[in-house]
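Structure data (mmCIF, C-alpha atoms) from my_file.cif:
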data_target
#
loop_
_atom_site.group_PDB
_atom_site.id
_atom_site.type_symbol
_atom_site.label_atom_id
_atom_site.label_comp_id
_atom_site.auth_asym_id
_atom_site.auth_seq_id
_atom_site.Cartn_x
_atom_site.Cartn_y
_atom_site.Cartn_z
ATOM 1 C CA MET A 1 88.812 112.348 61.119
ATOM 2 C CA SER A 2 92.157 113.939 61.747
ATOM 3 C CA GLU A 3 93.271 114.376 65.350
ATOM 4 C CA VAL A 4 94.815 117.722 64.408
ATOM 5 C CA THR A 5 92.539 120.713 64.956
ATOM 6 C CA VAL A 6 93.018 124.153 63.528
ATOM 7 C CA ARG A 7 92.627 127.259 65.648
ATOM 8 C CA SER A 8 93.483 130.694 64.279
ATOM 9 C CA GLY A 9 95.040 129.043 61.262
ATOM 10 C CA ARG A 10 97.603 127.183 63.373
ATOM 11 C CA PRO A 11 97.581 123.400 63.693
ATOM 12 C CA SER A 12 97.585 122.101 67.264
ATOM 13 C CA VAL A 13 97.821 118.606 68.706
ATOM 14 C CA PRO A 14 95.695 117.706 71.776
ATOM 15 C CA PRO A 15 97.716 117.110 74.917
ATOM 16 C CA ALA A 16 98.821 113.556 75.589
ATOM 17 C CA PRO A 17 96.983 111.715 78.366
ATOM 18 C CA ASP A 18 100.119 111.628 80.503
ATOM 19 C CA ASP A 19 100.399 115.386 80.463
ATOM 20 C CA GLY A 20 97.527 115.809 82.984
ATOM 21 C CA PRO A 21 97.515 115.102 86.722
ATOM 22 C CA PRO A 22 97.910 111.477 87.883
ATOM 23 C CA ALA A 23 94.854 109.252 87.913
ATOM 24 C CA ALA A 24 95.019 108.852 91.687
ATOM 25 C CA GLU A 25 94.937 112.633 92.133
ATOM 26 C CA LEU A 26 91.958 112.970 89.786
ATOM 27 C CA ALA A 27 90.115 110.180 91.631
ATOM 28 C CA ALA A 28 90.747 111.810 95.005
ATOM 29 C CA ARG A 29 89.671 115.208 93.656
ATOM 30 C CA HIS A 30 86.323 113.877 92.454
ATOM 31 C CA GLY A 31 85.683 111.405 95.304
ATOM 32 C CA LEU A 32 86.153 108.282 93.199
ATOM 33 C CA SER A 33 87.413 104.894 94.386
ATOM 34 C CA VAL A 34 88.532 101.684 92.722
ATOM 35 C CA SER A 35 85.570 99.467 91.892
ATOM 36 C CA GLY A 36 85.761 96.153 93.767
ATOM 37 C CA ALA A 37 88.725 97.204 95.907
ATOM 38 C CA ARG A 38 89.128 95.148 99.067
ATOM 39 C CA PRO A 39 88.476 97.299 102.156
ATOM 40 C CA GLY A 40 90.451 97.126 105.355
ATOM 41 C CA LEU A 41 89.379 94.891 108.235
ATOM 42 C CA ALA A 42 87.694 97.654 110.242
ATOM 43 C CA GLU A 43 85.776 98.903 107.213
ATOM 44 C CA TYR A 44 84.783 95.370 106.238
ATOM 45 C CA VAL A 45 83.444 94.657 109.736
ATOM 46 C CA ARG A 46 81.501 97.933 109.583
ATOM 47 C CA GLN A 47 79.971 96.899 106.258
ATOM 48 C CA LEU A 48 79.142 93.478 107.672
ATOM 49 C CA TRP A 49 77.443 95.049 110.700
ATOM 50 C CA SER A 50 75.403 97.315 108.446
ATOM 51 C CA ARG A 51 74.029 94.163 106.748
ATOM 52 C CA ARG A 52 72.991 92.530 110.031
ATOM 53 C CA HIS A 53 69.289 92.748 109.148
ATOM 54 C CA PHE A 54 69.980 90.963 105.857
ATOM 55 C CA ILE A 55 71.962 88.261 107.695
ATOM 56 C CA LEU A 56 69.134 87.638 110.172
ATOM 57 C CA ALA A 57 66.433 87.618 107.502
ATOM 58 C CA PHE A 58 68.441 85.324 105.241
ATOM 59 C CA SER A 59 69.114 82.819 108.043
ATOM 60 C CA ARG A 60 65.432 82.740 109.026
ATOM 61 C CA ALA A 61 64.344 82.259 105.424
ATOM 62 C CA LYS A 62 66.800 79.392 104.959
ATOM 63 C CA LEU A 63 65.643 77.782 108.204
ATOM 64 C CA GLN A 64 61.990 77.923 107.167
ATOM 65 C CA ALA A 65 62.691 76.680 103.645
ATOM 66 C CA GLN A 66 64.939 73.805 104.754
ATOM 67 C CA TYR A 67 62.069 71.384 105.376
ATOM 68 C CA SER A 68 59.272 73.212 103.578
ATOM 69 C CA GLN A 69 58.624 70.250 101.261
ATOM 70 C CA ALA A 70 58.371 67.701 104.091
ATOM 71 C CA LYS A 71 55.038 66.930 105.728
ATOM 72 C CA LEU A 72 56.506 67.106 109.230
ATOM 73 C CA GLY A 73 58.112 70.432 108.370
ATOM 74 C CA GLN A 74 60.309 71.934 111.073
ATOM 75 C CA LEU A 75 59.966 68.854 113.279
ATOM 76 C CA TRP A 76 62.767 67.316 111.230
ATOM 77 C CA GLN A 77 65.121 69.851 112.823
ATOM 78 C CA VAL A 78 65.053 67.778 116.009
ATOM 79 C CA ALA A 79 63.861 64.455 114.582
ATOM 80 C CA THR A 80 66.999 64.026 112.461
ATOM 81 C CA PRO A 81 69.568 64.221 115.317
ATOM 82 C CA LEU A 82 67.273 62.159 117.550
ATOM 83 C CA LEU A 83 67.104 59.398 114.945
ATOM 84 C CA ASN A 84 70.890 59.546 114.620
ATOM 85 C CA ALA A 85 71.172 59.213 118.392
ATOM 86 C CA LEU A 86 68.852 56.190 118.304
ATOM 87 C CA VAL A 87 71.001 54.488 115.651
ATOM 88 C CA TYR A 88 74.188 55.199 117.616
ATOM 89 C CA PHE A 89 72.556 53.868 120.789
ATOM 90 C CA LEU A 90 71.652 50.590 119.093
ATOM 91 C CA ILE A 91 75.100 50.155 117.528
ATOM 92 C CA PHE A 92 77.512 51.551 120.121
ATOM 93 C CA GLY A 93 75.414 51.326 123.275
ATOM 94 C CA MET A 94 73.999 47.839 122.789
ATOM 95 C CA LEU A 95 75.816 45.894 120.073
ATOM 96 C CA LEU A 96 79.407 47.086 120.491
ATOM 97 C CA GLY A 97 79.327 47.833 124.209
ATOM 98 C CA GLY A 98 80.850 51.262 123.794
ATOM 99 C CA ARG A 99 79.075 52.959 126.681
ATOM 100 C CA GLY A 100 81.958 52.397 129.094
ATOM 101 C CA GLY A 101 79.805 50.846 131.807
ATOM 102 C CA MET A 102 77.408 53.780 132.022
ATOM 103 C CA PRO A 103 73.767 52.920 132.833
ATOM 104 C CA ASP A 104 71.002 54.004 130.470
ATOM 105 C CA ASP A 105 70.025 57.035 132.567
ATOM 106 C CA VAL A 106 73.572 58.368 132.137
ATOM 107 C CA TYR A 107 74.548 57.076 128.714
ATOM 108 C CA ILE A 108 71.463 58.231 126.820
ATOM 109 C CA PRO A 109 71.785 61.898 127.969
ATOM 110 C CA PHE A 110 75.538 61.594 127.301
ATOM 111 C CA LEU A 111 74.837 60.369 123.759
ATOM 112 C CA VAL A 112 72.037 62.814 122.892
ATOM 113 C CA THR A 113 74.080 65.780 124.153
ATOM 114 C CA GLY A 114 77.065 64.725 122.065
ATOM 115 C CA VAL A 115 74.971 64.229 118.932
ATOM 116 C CA PHE A 116 73.223 67.598 119.241
ATOM 117 C CA VAL A 117 76.406 69.533 119.977
ATOM 118 C CA PHE A 118 78.481 67.904 117.247
ATOM 119 C CA THR A 119 75.643 68.262 114.730
ATOM 120 C CA PHE A 120 75.781 72.011 115.368
ATOM 121 C CA THR A 121 79.418 72.134 114.276
ATOM 122 C CA GLN A 122 78.957 69.614 111.483
ATOM 123 C CA SER A 123 76.017 71.467 109.923
ATOM 124 C CA SER A 124 77.802 74.827 110.196
ATOM 125 C CA VAL A 125 80.823 73.422 108.378
ATOM 126 C CA MET A 126 78.819 71.661 105.666
ATOM 127 C CA THR A 127 76.647 74.696 104.909
ATOM 128 C CA GLY A 128 79.571 77.092 105.252
ATOM 129 C CA VAL A 129 81.723 75.350 102.648
ATOM 130 C CA ARG A 130 78.881 75.729 100.103
ATOM 131 C CA SER A 131 77.703 79.161 101.236
ATOM 132 C CA ILE A 132 79.459 81.165 98.501
ATOM 133 C CA ALA A 133 79.995 78.554 95.792
ATOM 134 C CA GLY A 134 76.351 77.505 95.993
ATOM 135 C CA HIS A 135 74.925 81.032 95.825
ATOM 136 C CA GLN A 136 76.754 82.527 92.872
ATOM 137 C CA GLY A 137 73.545 84.078 91.543
ATOM 138 C CA LEU A 138 73.072 86.063 94.749
ATOM 139 C CA VAL A 139 76.751 87.004 94.856
ATOM 140 C CA ARG A 140 76.676 88.341 91.289
ATOM 141 C CA ALA A 141 73.332 90.121 91.628
ATOM 142 C CA LEU A 142 73.917 92.027 94.863
ATOM 143 C CA HIS A 143 76.814 93.941 96.356
ATOM 144 C CA PHE A 144 77.376 92.937 99.980
ATOM 145 C CA PRO A 145 80.206 91.565 102.142
ATOM 146 C CA ARG A 146 80.590 87.933 101.151
ATOM 147 C CA ALA A 147 81.230 86.979 104.776
ATOM 148 C CA ALA A 148 77.540 87.646 105.389
ATOM 149 C CA LEU A 149 76.689 84.282 103.803
ATOM 150 C CA PRO A 150 78.734 81.925 106.041
ATOM 151 C CA VAL A 151 77.793 84.001 109.101
ATOM 152 C CA SER A 152 74.135 83.699 108.130
ATOM 153 C CA PHE A 153 74.370 79.929 107.730
ATOM 154 C CA SER A 154 76.080 79.571 111.111
ATOM 155 C CA LEU A 155 73.297 81.640 112.641
ATOM 156 C CA GLN A 156 70.758 79.363 110.972
ATOM 157 C CA GLN A 157 72.349 76.328 112.607
ATOM 158 C CA LEU A 158 72.351 78.097 115.982
ATOM 159 C CA GLN A 159 68.619 78.713 115.693
ATOM 160 C CA GLN A 160 68.122 75.080 114.793
ATOM 161 C CA LEU A 161 70.184 73.988 117.802
ATOM 162 C CA LEU A 162 67.963 76.020 120.140
ATOM 163 C CA TYR A 163 65.036 73.791 119.169
ATOM 164 C CA SER A 164 67.203 70.781 119.897
ATOM 165 C CA MET A 165 68.046 72.174 123.335
ATOM 166 C CA ILE A 166 64.357 72.015 124.245
ATOM 167 C CA VAL A 167 64.269 68.345 123.284
ATOM 168 C CA LEU A 168 67.512 67.749 125.187
ATOM 169 C CA LEU A 169 65.952 69.290 128.293
ATOM 170 C CA VAL A 170 63.016 66.877 128.021
ATOM 171 C CA VAL A 171 65.409 63.929 127.626
ATOM 172 C CA LEU A 172 67.425 64.965 130.671
ATOM 173 C CA VAL A 173 64.401 65.452 132.885
ATOM 174 C CA GLY A 174 62.964 62.162 131.641
ATOM 175 C CA PHE A 175 66.078 60.339 132.868
ATOM 176 C CA GLY A 176 66.142 62.050 136.246
ATOM 177 C CA HIS A 177 68.552 64.930 135.595
ATOM 178 C CA PHE A 178 66.810 68.061 136.830
ATOM 179 C CA PRO A 179 67.879 71.665 136.154
ATOM 180 C CA ARG A 180 70.462 73.298 138.390
ATOM 181 C CA TRP A 181 71.995 76.745 138.452
ATOM 182 C CA SER A 182 75.103 75.391 136.712
ATOM 183 C CA TRP A 183 72.969 74.745 133.632
ATOM 184 C CA LEU A 184 73.065 78.484 132.938
ATOM 185 C CA LEU A 185 76.658 77.917 131.807
ATOM 186 C CA VAL A 186 75.136 76.391 128.667
ATOM 187 C CA VAL A 187 74.734 79.949 127.329
ATOM 188 C CA PRO A 188 78.456 80.880 127.238
ATOM 189 C CA VAL A 189 79.274 77.388 125.957
ATOM 190 C CA LEU A 190 76.927 77.897 122.999
ATOM 191 C CA VAL A 191 78.357 81.366 122.375
ATOM 192 C CA LEU A 192 81.901 79.963 122.283
ATOM 193 C CA GLN A 193 80.866 77.170 119.953
ATOM 194 C CA PHE A 194 78.992 79.581 117.684
ATOM 195 C CA VAL A 195 82.091 81.768 117.367
ATOM 196 C CA PHE A 196 84.207 78.700 116.602
ATOM 197 C CA ASN A 197 81.715 77.401 114.035
ATOM 198 C CA THR A 198 81.468 80.791 112.352
ATOM 199 C CA GLY A 199 85.244 80.991 112.067
ATOM 200 C CA LEU A 200 85.350 77.544 110.467
ATOM 201 C CA ALA A 201 82.529 78.476 108.105
ATOM 202 C CA LEU A 202 84.342 81.668 107.033
ATOM 203 C CA ILE A 203 87.565 79.800 106.307
ATOM 204 C CA LEU A 204 85.886 76.952 104.448
ATOM 205 C CA ALA A 205 83.584 79.282 102.500
ATOM 206 C CA ARG A 206 86.617 80.939 100.927
ATOM 207 C CA MET A 207 88.296 77.591 100.282
ATOM 208 C CA GLY A 208 85.075 76.142 98.878
ATOM 209 C CA ALA A 209 84.680 79.078 96.496
ATOM 210 C CA LYS A 210 88.178 78.427 95.141
ATOM 211 C CA THR A 211 87.928 74.612 95.181
ATOM 212 C CA PRO A 212 84.350 73.351 94.686
ATOM 213 C CA ASP A 213 85.470 69.723 95.145
ATOM 214 C CA LEU A 214 86.087 70.486 98.823
ATOM 215 C CA ALA A 215 82.340 70.167 99.448
ATOM 216 C CA GLN A 216 82.511 66.529 98.305
ATOM 217 C CA LEU A 217 85.427 65.808 100.638
ATOM 218 C CA MET A 218 83.993 67.386 103.796
ATOM 219 C CA PRO A 219 81.510 64.596 104.674
ATOM 220 C CA PHE A 220 84.426 62.163 105.046
ATOM 221 C CA VAL A 221 86.385 64.691 107.109
ATOM 222 C CA MET A 222 83.407 65.342 109.389
ATOM 223 C CA ARG A 223 82.706 61.618 109.836
ATOM 224 C CA THR A 224 86.313 61.026 110.892
ATOM 225 C CA TRP A 225 86.159 64.027 113.228
ATOM 226 C CA MET A 226 82.960 62.689 114.796
ATOM 227 C CA TYR A 227 84.485 59.292 115.636
ATOM 228 C CA ALA A 228 87.657 60.946 116.917
ATOM 229 C CA SER A 229 85.721 63.246 119.271
ATOM 230 C CA GLY A 230 83.833 60.671 121.333
ATOM 231 C CA VAL A 231 80.315 61.594 120.264
ATOM 232 C CA MET A 232 78.909 58.094 120.787
ATOM 233 C CA PHE A 233 81.308 56.706 123.396
ATOM 234 C CA PRO A 234 83.783 57.837 126.074
ATOM 235 C CA LEU A 235 87.139 58.040 124.350
ATOM 236 C CA HIS A 236 89.171 56.763 127.303
ATOM 237 C CA HIS A 237 87.091 53.600 127.508
ATOM 238 C CA MET A 238 87.227 52.816 123.787
ATOM 239 C CA LEU A 239 90.916 53.602 123.300
ATOM 240 C CA GLU A 240 92.385 52.158 126.490
ATOM 241 C CA ASN A 241 90.078 49.230 127.257
ATOM 242 C CA ARG A 242 88.943 48.175 123.793
ATOM 243 C CA ALA A 243 91.700 49.296 121.403
ATOM 244 C CA HIS A 244 94.498 49.153 124.048
ATOM 245 C CA ALA A 245 95.840 52.489 122.801
ATOM 246 C CA PRO A 246 98.088 54.642 125.013
ATOM 247 C CA GLY A 247 96.308 57.047 127.346
ATOM 248 C CA TRP A 248 97.968 60.118 125.837
ATOM 249 C CA LEU A 249 96.148 59.451 122.554
ATOM 250 C CA ALA A 250 92.780 59.903 124.242
ATOM 251 C CA GLU A 251 94.019 63.126 125.853
ATOM 252 C CA VAL A 252 95.088 64.458 122.454
ATOM 253 C CA LEU A 253 91.747 63.584 120.864
ATOM 254 C CA LEU A 254 89.818 65.127 123.756
ATOM 255 C CA ALA A 255 91.711 68.385 123.225
ATOM 256 C CA ASN A 256 90.162 69.000 119.801
ATOM 257 C CA PRO A 257 87.529 71.779 119.816
ATOM 258 C CA ALA A 258 84.543 69.538 119.030
ATOM 259 C CA ALA A 259 85.320 67.276 121.983
ATOM 260 C CA VAL A 260 85.904 70.291 124.243
ATOM 261 C CA HIS A 261 82.507 71.780 123.426
ATOM 262 C CA MET A 262 80.790 68.426 124.023
ATOM 263 C CA ASP A 263 82.554 67.935 127.355
ATOM 264 C CA LEU A 264 81.610 71.438 128.475
ATOM 265 C CA MET A 265 77.970 70.836 127.585
ATOM 266 C CA ARG A 266 77.927 67.402 129.234
ATOM 267 C CA TYR A 267 79.554 68.781 132.352
#
As C-alpha cells - that is how I would like this structure written.
Amino acid sequence: MSEVTVRSGRPSVPPAPDDGPPAAELAARHGLSVSGARPGLAEYVRQLWSRRHFILAFSRAKLQAQYSQAKLGQLWQVATPLLNALVYFLIFGMLLGGRGGMPDDVYIPFLVTGVFVFTFTQSSVMTGVRSIAGHQGLVRALHFPRAALPVSFSLQQLQQLLYSMIVLLVVLVGFGHFPRWSWLLVVPVLVLQFVFNTGLALILARMGAKTPDLAQLMPFVMRTWMYASGVMFPLHHMLENRAHAPGWLAEVLLANPAAVHMDLMRY
C-alpha cells in the first residue's frame, strides 16, 4: 500500500515522526514514564517502606520453611549454633587450650555468646549474597524493590537470633551470671548489628546477582573472618601468648565489626 494519500485530488505525504513534539514532552503531557527507570534514593526508600508487609511476611515464611522437613523443626534454629559451640569448646577450650585461663563458668558463656552473635552476621551474609540470584523467578514475576529481598533475609536471621537469645539467657543463668540492668543494652547492640548485617546483605546481594560464583567463595571468607574475630578464644591470648604476634595485631583484629559486636554483647 502506498504511503501517499490523496485528498481533494492532491497527493500528500504524512508528516515525518520528527516533525511532532519531542518524546519527553509527549510523555510528560500524558503522564507516562520510562519503564524500568531507576528511581531516586528517596523514592526508592518510599517504595521499600510501602512493601514492609511483604518483607515481614516473606521473612516469616522463610523462617518457618527453613527446617520444615526436619523432625525437630524450629529447634534446629538454636540446636545448630549450640552444637557448633560444643565442637569449639572441645577443640579450643580443651584440646588446644585456647580459653586464655578462663574457668568454665566464664569461658562457656564467652564462647556461646560469640557463636550466637557471629552466626547472626554469618547467616545474614550467606543468605544475602544469594537473595537475588537465588530468587530469579520471584524477581521476574513481580515488580518490587529488589532491596526487599536482602532486607527480608536479614530480618529472618534477626528473628532466629531472638530464639537463640533465650537459650543464651538460660546458659548464663546456669553458670551463675544473673540479669542486671546493664543487660538492657543488648537491645541497641542488636539493632546496630542488624543495621550492619543488612548493609552487608544489600551490598553482597548486588554483587552476587552480577557474579554468582561469589556465593561459592563466601564460606571461605566467613570462616577466615570467624577465626580472625576471636569467636572461640580471646584474641590477645592466642596472638601474644601462643603465636607470639605483636600486640597491635590483636588490636587491629578486634576493631573489625564482627569482633566489636561480640565484645559489646559479652560486656
Run through the PyMOL selection byres ((chain A and resi 83-86) around 12) on the given coordinates and return the selected residues as a count of residues only. 34
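Residues matched by the PyMOL selection byres ((chain A and resi 267) around 10) in this structure: Phe110, Ser182, Trp183, Leu185, Val186, His261, Met262, Asp263, Leu264, Met265 and Arg266 of chain A.
The space separating CA of Leu142 (chain A) from CA of Thr127 (chain A) comes to 20.2 Å.
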Please compute the CA of Thr211 (chain A)-CA of Gln157 (chain A) distance, one decimal, in Å. 23.4 Å
Quick one: everything within 9 Å of region 212-227 of chain A, counting only C-alpha atoms, minus sequence neighbours fewer than 4 positions away in the same chain. Send it as a short mmCIF file (atom, residue, chain, number, x, y, z; two decimals) with C-alpha atoms, in the coordinates of the input.
data_model
loop_
_atom_site.label_atom_id
_atom_site.label_comp_id
_atom_site.auth_asym_id
_atom_site.auth_seq_id
_atom_site.Cartn_x
_atom_site.Cartn_y
_atom_site.Cartn_z
CA PHE A 118 78.48 67.90 117.25
CA GLN A 122 78.96 69.61 111.48
CA VAL A 125 80.82 73.42 108.38
CA MET A 126 78.82 71.66 105.67
CA VAL A 129 81.72 75.35 102.65
CA ARG A 130 78.88 75.73 100.10
CA ALA A 133 80.00 78.55 95.79
CA LEU A 204 85.89 76.95 104.45
CA MET A 207 88.30 77.59 100.28
CA GLY A 208 85.08 76.14 98.88
CA VAL A 231 80.32 61.59 120.26
CA MET A 232 78.91 58.09 120.79
CA PHE A 233 81.31 56.71 123.40
CA ALA A 258 84.54 69.54 119.03
CA ALA A 259 85.32 67.28 121.98
#
Pull out every residue that the PyMOL selection byres ((chain A and resi 49-57) around 8) matches in the shown coordinates and put them as a PDB file with C-alpha atoms, in the coordinates of the input.
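Once everything was written out, this is selection32.pdb:
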ATOM      1  CA  VAL A  45      83.444  94.657 109.736  1.00  0.00           C
ATOM      2  CA  ARG A  46      81.501  97.933 109.583  1.00  0.00           C
ATOM      3  CA  GLN A  47      79.971  96.899 106.258  1.00  0.00           C
ATOM      4  CA  LEU A  48      79.142  93.478 107.672  1.00  0.00           C
ATOM      5  CA  PHE A  58      68.441  85.324 105.241  1.00  0.00           C
ATOM      6  CA  SER A  59      69.114  82.819 108.043  1.00  0.00           C
ATOM      7  CA  ARG A  60      65.432  82.740 109.026  1.00  0.00           C
ATOM      8  CA  ALA A  61      64.344  82.259 105.424  1.00  0.00           C
ATOM      9  CA  PHE A 144      77.376  92.937  99.980  1.00  0.00           C
ATOM     10  CA  ALA A 148      77.540  87.646 105.389  1.00  0.00           C
ATOM     11  CA  LEU A 149      76.689  84.282 103.803  1.00  0.00           C
ATOM     12  CA  VAL A 151      77.793  84.001 109.101  1.00  0.00           C
ATOM     13  CA  SER A 152      74.135  83.699 108.130  1.00  0.00           C
ATOM     14  CA  LEU A 155      73.297  81.640 112.641  1.00  0.00           C
TER      15      LEU A 155
END
Residue among A:Leu161, A:Leu190, A:Leu239, A:Ala42 lying closest to Val260 (chain A), counting all atoms listed in the file: A:Leu190
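Taking CA of Leu200 (chain A) and CA of Leu162 (chain A) as the two end points, the separation is 20.0 Å.
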Using all atoms listed in the file, which of the listed residues (A:Pro150, A:Pro145, A:Pro179, A:Gly98) sits closest to Ile132 (chain A)? A:Pro150
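Residue nearest Ala209 (chain A), chosen from A:Gln136, A:Ser229, A:Ser124, A:Gln66 and counting only C-alpha atoms: A:Gln136.
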Could you tell me which of A:Leu63, A:Met238, A:Ile203, A:Val189 comes closest to Pro257 (chain A) if we count only C-alpha atoms? A:Val189
Box centre and edge lengths (Å, one decimal), axis-aligned, region 98-113 of chain A plus 4 Å each side, as lines of an AutoDock Vina configuration file:
center_x = 76.0
center_y = 58.3
center_z = 127.9
size_x = 19.9
size_y = 22.9
size_z = 17.9
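The closest residue to Ala205 (chain A), picked from A:Trp181, A:Phe120, A:Phe153, A:Tyr44 and counting only C-alpha atoms, is A:Phe153.
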